[in-house]
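Q: Sending over a structure as structure tokens; questions will come in a sec.
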Amino acid sequence: MEMSGLLSVLLVTSAALLFIANGQSNYDMLTEVDKKHVDMAIRYANKNSEIQKYNPKEHLNFLQVIGQSEINAREFNINLLLKATNCPKASSDSEHRPECSFKSRRPYINCVVCSKDFHDSTDPYIDCVLHKDVKKQDDVRYDKCSSLLHGGLTTLALHAEEDLQTGCLGCF
């Protein structure tokens, strides 16, 4: 009996440590460009009191990227999740802190960081909301990051009225 109880405690502890370490290893695997933008989101979220309704003294840290970051010569877009940790919020601008472990029963914070001109000196658009409220922000996020989203209209995809043809496809 004692051995199975000890084994259960060991199993639960290892699973918890694996989950806690997962966010840290996810951060380590990011590219330098992604890390730069993730740190921007962390700073933004930790400054925003609206996001930290549950406990404004907790440090929010990077958990994972949602989907894939998009980057090209002029544009950048990343969507990520943050979560509260056991570390107190630092007084200065703090970035990802690998020593912090995630707290359970805290909501995920969904952040998007995008820039329509990657090399422009202006600040990128950053938006962080509770993950459950993302649908409410879809229109705003689309407007700010629309050129970075796939499936939108492009100049080549538009048809002029005179381009519309009827009849056989091979006819001129």
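Residues are referred to by chain and number: the chain letter is A, B, ... according to the order shown in the structure tokens, the number counts from 1 in that chain, and ligands are numbered separately from 1 in the order shown.
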Set the distance at 9 Å and use only C-alpha atoms: which residues neighbour Asn79 in chain A once local chain neighbours fewer than 3 positions away are removed? I'd like the list as a PDB file with N, CA and C atoms, in the first residue's frame.
A:
ATOM      1  N   VAL A  38       7.154  37.797 -28.616  1.00  0.00           N
ATOM      2  CA  VAL A  38       6.547  37.173 -27.435  1.00  0.00           C
ATOM      3  C   VAL A  38       6.833  38.033 -26.212  1.00  0.00           C
ATOM      4  N   GLN A  64       2.503  29.038 -24.973  1.00  0.00           N
ATOM      5  CA  GLN A  64       2.697  28.428 -26.288  1.00  0.00           C
ATOM      6  C   GLN A  64       2.224  29.348 -27.403  1.00  0.00           C
ATOM      7  N   VAL A  65       2.718  29.055 -28.615  1.00  0.00           N
ATOM      8  CA  VAL A  65       2.269  29.749 -29.816  1.00  0.00           C
ATOM      9  C   VAL A  65       1.056  28.995 -30.342  1.00  0.00           C
ATOM     10  N   ILE A  66       0.045  29.738 -30.776  1.00  0.00           N
ATOM     11  CA  ILE A  66      -1.133  29.127 -31.392  1.00  0.00           C
ATOM     12  C   ILE A  66      -0.920  29.181 -32.897  1.00  0.00           C
ATOM     13  N   GLY A  67      -0.971  28.041 -33.531  1.00  0.00           N
ATOM     14  CA  GLY A  67      -0.722  27.999 -34.975  1.00  0.00           C
ATOM     15  C   GLY A  67       0.747  28.236 -35.240  1.00  0.00           C
ATOM     16  N   GLN A  68       1.016  29.011 -36.267  1.00  0.00           N
ATOM     17  CA  GLN A  68       2.388  29.291 -36.633  1.00  0.00           C
ATOM     18  C   GLN A  68       2.583  30.781 -36.827  1.00  0.00           C
ATOM     19  N   SER A  69       3.724  31.295 -36.406  1.00  0.00           N
ATOM     20  CA  SER A  69       3.964  32.717 -36.640  1.00  0.00           C
ATOM     21  C   SER A  69       4.181  32.910 -38.138  1.00  0.00           C
ATOM     22  N   ASN A 110      -4.881  35.228 -24.355  1.00  0.00           N
ATOM     23  CA  ASN A 110      -4.594  35.096 -25.778  1.00  0.00           C
ATOM     24  C   ASN A 110      -4.084  36.439 -26.283  1.00  0.00           C
ATOM     25  N   CYS A 111      -2.909  36.432 -26.884  1.00  0.00           N
ATOM     26  CA  CYS A 111      -2.306  37.662 -27.394  1.00  0.00           C
ATOM     27  C   CYS A 111      -1.990  37.523 -28.880  1.00  0.00           C
ATOM     28  N   VAL A 112      -2.106  38.627 -29.575  1.00  0.00           N
ATOM     29  CA  VAL A 112      -1.670  38.698 -30.966  1.00  0.00           C
ATOM     30  C   VAL A 112      -0.728  39.892 -31.083  1.00  0.00           C
ATOM     31  N   VAL A 113       0.362  39.690 -31.814  1.00  0.00           N
ATOM     32  CA  VAL A 113       1.313  40.760 -32.101  1.00  0.00           C
ATOM     33  C   VAL A 113       1.489  40.752 -33.613  1.00  0.00           C
ATOM     34  N   CYS A 114       1.205  41.887 -34.245  1.00  0.00           N
ATOM     35  CA  CYS A 114       1.373  41.937 -35.696  1.00  0.00           C
ATOM     36  C   CYS A 114       1.886  43.301 -36.112  1.00  0.00           C
TER      37      CYS A 114
END
Q: Please identify which residues in range 84-149 of chain A DSSP calls strand (DSSP E) from the backbone, and express them as a list in words.
A: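 Here are the strand (DSSP E) residues of range 84-149 of chain A: Ala84, Thr85, Asn86, Cys87, Pro88, Ile109, Asn110, Cys111, Val112, Val113, Cys114, Ser115, Tyr125, Ile126, Asp127, Cys128, Val129 and Leu130 of chain A.
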Q: The selected residues should be written to file as a tab-separated table (two decimals), in the first residue's frame (atoms: all heavy atoms).
A:
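Contents of selection-v8.tsv, as written:
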chain	number	residue	atom	x	y	z
A	84	ALA	N	-0.73	32.82	-15.92
A	84	ALA	CA	-0.20	33.33	-14.65
A	84	ALA	C	0.77	32.34	-14.04
A	84	ALA	O	0.63	31.12	-14.19
A	84	ALA	CB	-1.35	33.59	-13.68
A	85	THR	N	1.75	32.87	-13.34
A	85	THR	CA	2.78	32.04	-12.71
A	85	THR	C	2.83	32.30	-11.20
A	85	THR	O	2.15	33.19	-10.69
A	85	THR	CB	4.17	32.35	-13.29
A	85	THR	OG1	4.52	33.70	-12.95
A	85	THR	CG2	4.21	32.18	-14.80
A	86	ASN	N	3.69	31.55	-10.54
A	86	ASN	CA	3.88	31.73	-9.11
A	86	ASN	C	4.85	32.87	-8.80
A	86	ASN	O	5.05	33.21	-7.65
A	86	ASN	CB	4.38	30.43	-8.47
A	86	ASN	CG	5.74	30.02	-8.99
A	86	ASN	OD1	6.24	30.55	-9.99
A	86	ASN	ND2	6.34	29.05	-8.33
A	87	CYS	N	5.42	33.49	-9.80
A	87	CYS	CA	6.34	34.62	-9.60
A	87	CYS	C	5.56	35.92	-9.44
A	87	CYS	O	4.57	36.14	-10.14
A	87	CYS	CB	7.27	34.77	-10.80
A	87	CYS	SG	8.46	33.43	-10.97
A	88	PRO	N	6.02	36.78	-8.56
A	88	PRO	CA	5.38	38.10	-8.46
A	88	PRO	C	5.74	38.94	-9.68
A	88	PRO	O	6.81	38.76	-10.27
A	88	PRO	CB	5.99	38.69	-7.19
A	88	PRO	CG	7.27	37.98	-7.00
A	88	PRO	CD	7.11	36.61	-7.61
A	109	ILE	N	-4.41	33.67	-21.37
A	109	ILE	CA	-4.47	34.99	-21.99
A	109	ILE	C	-4.03	34.82	-23.43
A	109	ILE	O	-2.95	34.31	-23.70
A	109	ILE	CB	-3.54	36.00	-21.27
A	109	ILE	CG1	-3.82	36.05	-19.77
A	109	ILE	CG2	-3.64	37.37	-21.91
A	109	ILE	CD1	-5.21	36.48	-19.38
A	110	ASN	N	-4.88	35.23	-24.35
A	110	ASN	CA	-4.59	35.10	-25.78
A	110	ASN	C	-4.08	36.44	-26.28
A	110	ASN	O	-4.75	37.46	-26.12
A	110	ASN	CB	-5.88	34.69	-26.51
A	110	ASN	CG	-5.65	34.42	-27.98
A	110	ASN	OD1	-5.12	35.27	-28.69
A	110	ASN	ND2	-6.07	33.26	-28.43
A	111	CYS	N	-2.91	36.43	-26.88
A	111	CYS	CA	-2.31	37.66	-27.39
A	111	CYS	C	-1.99	37.52	-28.88
A	111	CYS	O	-1.64	36.44	-29.35
A	111	CYS	CB	-1.00	37.98	-26.67
A	111	CYS	SG	-1.18	38.34	-24.92
A	112	VAL	N	-2.11	38.63	-29.57
A	112	VAL	CA	-1.67	38.70	-30.97
A	112	VAL	C	-0.73	39.89	-31.08
A	112	VAL	O	-0.95	40.94	-30.47
A	112	VAL	CB	-2.86	38.80	-31.95
A	112	VAL	CG1	-3.62	40.08	-31.77
A	112	VAL	CG2	-2.40	38.64	-33.38
A	113	VAL	N	0.36	39.69	-31.81
A	113	VAL	CA	1.31	40.76	-32.10
A	113	VAL	C	1.49	40.75	-33.61
A	113	VAL	O	1.84	39.72	-34.19
A	113	VAL	CB	2.68	40.52	-31.42
A	113	VAL	CG1	3.66	41.64	-31.75
A	113	VAL	CG2	2.53	40.37	-29.92
A	114	CYS	N	1.20	41.89	-34.25
A	114	CYS	CA	1.37	41.94	-35.70
A	114	CYS	C	1.89	43.30	-36.11
A	114	CYS	O	1.70	44.30	-35.42
A	114	CYS	CB	0.07	41.61	-36.42
A	114	CYS	SG	-1.23	42.84	-36.22
A	115	SER	N	2.53	43.31	-37.25
A	115	SER	CA	3.03	44.54	-37.83
A	115	SER	C	2.90	44.42	-39.34
A	115	SER	O	3.30	43.42	-39.92
A	115	SER	CB	4.50	44.75	-37.45
A	115	SER	OG	5.01	45.89	-38.09
A	125	TYR	N	1.06	46.29	-33.53
A	125	TYR	CA	-0.22	46.18	-32.86
A	125	TYR	C	-0.15	44.99	-31.90
A	125	TYR	O	0.26	43.90	-32.30
A	125	TYR	CB	-1.33	45.97	-33.89
A	125	TYR	CG	-2.67	45.64	-33.27
A	125	TYR	CD1	-3.41	46.62	-32.63
A	125	TYR	CD2	-3.18	44.35	-33.32
A	125	TYR	CE1	-4.64	46.33	-32.06
A	125	TYR	CE2	-4.41	44.05	-32.76
A	125	TYR	CZ	-5.13	45.03	-32.13
A	125	TYR	OH	-6.33	44.73	-31.56
A	126	ILE	N	-0.50	45.21	-30.65
A	126	ILE	CA	-0.52	44.14	-29.64
A	126	ILE	C	-1.88	44.14	-28.98
A	126	ILE	O	-2.37	45.19	-28.56
A	126	ILE	CB	0.58	44.34	-28.57
A	126	ILE	CG1	1.96	44.44	-29.20
A	126	ILE	CG2	0.54	43.20	-27.56
A	126	ILE	CD1	3.05	44.82	-28.24
A	127	ASP	N	-2.49	42.98	-28.88
A	127	ASP	CA	-3.78	42.85	-28.24
A	127	ASP	C	-3.78	41.58	-27.40
A	127	ASP	O	-3.41	40.52	-27.90
A	127	ASP	CB	-4.90	42.79	-29.27
A	127	ASP	CG	-6.28	42.68	-28.63
A	127	ASP	OD1	-6.59	43.53	-27.76
A	127	ASP	OD2	-7.02	41.75	-28.97
A	128	CYS	N	-4.14	41.69	-26.14
A	128	CYS	CA	-4.23	40.54	-25.24
A	128	CYS	C	-5.59	40.55	-24.55
A	128	CYS	O	-5.99	41.59	-24.01
A	128	CYS	CB	-3.13	40.58	-24.18
A	128	CYS	SG	-1.46	40.42	-24.84
A	129	VAL	N	-6.27	39.42	-24.58
A	129	VAL	CA	-7.57	39.27	-23.93
A	129	VAL	C	-7.64	37.88	-23.30
A	129	VAL	O	-6.86	37.00	-23.64
A	129	VAL	CB	-8.75	39.45	-24.92
A	129	VAL	CG1	-8.79	40.85	-25.46
A	129	VAL	CG2	-8.70	38.44	-26.03
A	130	LEU	N	-8.60	37.72	-22.41
A	130	LEU	CA	-8.84	36.37	-21.90
A	130	LEU	C	-9.17	35.47	-23.07
A	130	LEU	O	-9.89	35.88	-23.99
A	130	LEU	CB	-10.00	36.37	-20.90
A	130	LEU	CG	-9.76	37.08	-19.57
A	130	LEU	CD1	-11.05	37.12	-18.76
A	130	LEU	CD2	-8.67	36.38	-18.79
Q: Do a neighbour search on Arg43 in chain A at 12 Å with only C-alpha atoms, toss out local chain neighbours closer than 3 positions, and write the hits as a list in words.
A: Lys36, His37, Val38, Asp39, Met40, Asn46, Lys47, Asn48, Ser49, His59, Leu60, Asn61, Phe62, Leu82, Lys89, Ala90, Ser91, Ser92, Asp93, Ser94, Glu95, His96, Arg97, Cys111, Val113, Ile126, Asp127 and Cys128 of chain A
Q: Save out the residues we just selected, N, CA, C and O atoms, as a short mmCIF file (atom, residue, chain, number, x, y, z; two decimals), in the first residue's frame.
A:
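Contents of again_7.cif, freshly written:
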data_model
loop_
_atom_site.label_atom_id
_atom_site.label_comp_id
_atom_site.auth_asym_id
_atom_site.auth_seq_id
_atom_site.Cartn_x
_atom_site.Cartn_y
_atom_site.Cartn_z
N LYS A 36 11.37 37.98 -29.55
CA LYS A 36 11.25 39.44 -29.43
C LYS A 36 9.78 39.83 -29.34
O LYS A 36 9.39 40.64 -28.49
N HIS A 37 8.95 39.26 -30.19
CA HIS A 37 7.52 39.61 -30.21
C HIS A 37 6.76 38.99 -29.04
O HIS A 37 5.82 39.59 -28.52
N VAL A 38 7.15 37.80 -28.62
CA VAL A 38 6.55 37.17 -27.44
C VAL A 38 6.83 38.03 -26.21
O VAL A 38 5.94 38.29 -25.40
N ASP A 39 8.06 38.51 -26.08
CA ASP A 39 8.41 39.37 -24.94
C ASP A 39 7.62 40.68 -24.96
O ASP A 39 7.24 41.20 -23.92
N MET A 40 7.34 41.20 -26.17
CA MET A 40 6.50 42.41 -26.28
C MET A 40 5.11 42.11 -25.71
O MET A 40 4.54 42.94 -24.98
N ASN A 46 1.44 42.20 -18.85
CA ASN A 46 1.76 42.43 -17.45
C ASN A 46 1.50 43.87 -17.02
O ASN A 46 1.32 44.15 -15.85
N LYS A 47 1.48 44.81 -17.97
CA LYS A 47 1.16 46.21 -17.66
C LYS A 47 -0.34 46.46 -17.64
O LYS A 47 -0.79 47.41 -17.03
N ASN A 48 -1.11 45.62 -18.32
CA ASN A 48 -2.54 45.85 -18.51
C ASN A 48 -3.35 45.26 -17.36
O ASN A 48 -3.49 44.06 -17.23
N SER A 49 -3.91 46.12 -16.54
CA SER A 49 -4.66 45.67 -15.36
C SER A 49 -5.98 45.00 -15.73
O SER A 49 -6.50 44.18 -14.98
N HIS A 59 2.93 37.35 -12.26
CA HIS A 59 3.62 37.53 -13.54
C HIS A 59 2.99 36.61 -14.58
O HIS A 59 2.82 35.42 -14.34
N LEU A 60 2.63 37.17 -15.73
CA LEU A 60 2.14 36.37 -16.85
C LEU A 60 3.33 35.95 -17.69
O LEU A 60 4.20 36.77 -18.00
N ASN A 61 3.37 34.68 -18.07
CA ASN A 61 4.51 34.14 -18.80
C ASN A 61 4.05 33.40 -20.04
O ASN A 61 2.91 32.94 -20.12
N PHE A 62 4.94 33.23 -21.00
CA PHE A 62 4.66 32.54 -22.25
C PHE A 62 4.35 31.06 -22.01
O PHE A 62 5.07 30.38 -21.31
N LEU A 82 -0.54 33.16 -22.92
CA LEU A 82 0.19 33.45 -21.68
C LEU A 82 -0.61 32.85 -20.54
O LEU A 82 -1.81 32.62 -20.66
N LYS A 89 4.85 39.84 -10.04
CA LYS A 89 5.11 40.71 -11.17
C LYS A 89 6.28 41.61 -10.82
O LYS A 89 6.34 42.18 -9.73
N ALA A 90 7.22 41.72 -11.73
CA ALA A 90 8.39 42.57 -11.50
C ALA A 90 7.98 44.04 -11.62
O ALA A 90 7.03 44.37 -12.33
N SER A 91 8.69 44.91 -10.94
CA SER A 91 8.35 46.33 -10.97
C SER A 91 8.72 46.96 -12.31
O SER A 91 8.10 47.90 -12.74
N SER A 92 9.73 46.40 -12.97
CA SER A 92 10.14 46.96 -14.27
C SER A 92 9.55 46.11 -15.39
O SER A 92 8.90 45.11 -15.14
N ASP A 93 9.79 46.55 -16.63
CA ASP A 93 9.34 45.76 -17.77
C ASP A 93 9.99 44.38 -17.72
O ASP A 93 11.21 44.27 -17.79
N SER A 94 9.18 43.35 -17.55
CA SER A 94 9.78 42.04 -17.51
C SER A 94 9.35 41.23 -18.71
O SER A 94 8.26 41.43 -19.25
N GLU A 95 10.21 40.36 -19.12
CA GLU A 95 9.97 39.52 -20.27
C GLU A 95 9.71 38.10 -19.77
O GLU A 95 9.31 37.91 -18.63
N HIS A 96 9.96 37.12 -20.62
CA HIS A 96 9.78 35.73 -20.24
C HIS A 96 10.74 35.38 -19.10
O HIS A 96 11.91 35.74 -19.15
N ARG A 97 10.21 34.73 -18.08
CA ARG A 97 11.02 34.35 -16.92
C ARG A 97 11.00 32.82 -16.78
O ARG A 97 9.99 32.26 -16.34
N CYS A 111 -2.91 36.43 -26.88
CA CYS A 111 -2.31 37.66 -27.39
C CYS A 111 -1.99 37.52 -28.88
O CYS A 111 -1.64 36.44 -29.35
N VAL A 113 0.36 39.69 -31.81
CA VAL A 113 1.31 40.76 -32.10
C VAL A 113 1.49 40.75 -33.61
O VAL A 113 1.84 39.72 -34.19
N ILE A 126 -0.50 45.21 -30.65
CA ILE A 126 -0.52 44.14 -29.64
C ILE A 126 -1.88 44.14 -28.98
O ILE A 126 -2.37 45.19 -28.56
N ASP A 127 -2.49 42.98 -28.88
CA ASP A 127 -3.78 42.85 -28.24
C ASP A 127 -3.78 41.58 -27.40
O ASP A 127 -3.41 40.52 -27.90
N CYS A 128 -4.14 41.69 -26.14
CA CYS A 128 -4.23 40.54 -25.24
C CYS A 128 -5.59 40.55 -24.55
O CYS A 128 -5.99 41.59 -24.01
#
Q: What gap, in Å, lies between CA of Met29 in chain A and CA of Ala41 in chain A?
A: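 Going from CA of Met29 in chain A over to CA of Ala41 in chain A covers 17.2 Å.
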Q: Pick out the closest residue to Glu58 in chain A from this set: A:Lys103, A:Gln137, A:Pro124, A:Leu30. Count only C-alpha atoms.
A: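 Looking only at the distances to Glu58 in chain A, the closest residue turns out to be A:Lys103.
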Q: I'd like to know which of A:Lys132, A:Lys144, A:Arg105, A:Lys35 is closest to Ile51 in chain A, using only C-alpha atoms.
A: A:Lys132
Q: When distances are computed from only C-alpha atoms, which of A:Ala45, A:Leu81, A:Val33, A:Cys100 shows the smallest separation from Val134 in chain A?
A: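 Checking each candidate against Val134 in chain A, we get A:Leu81 as the closest.
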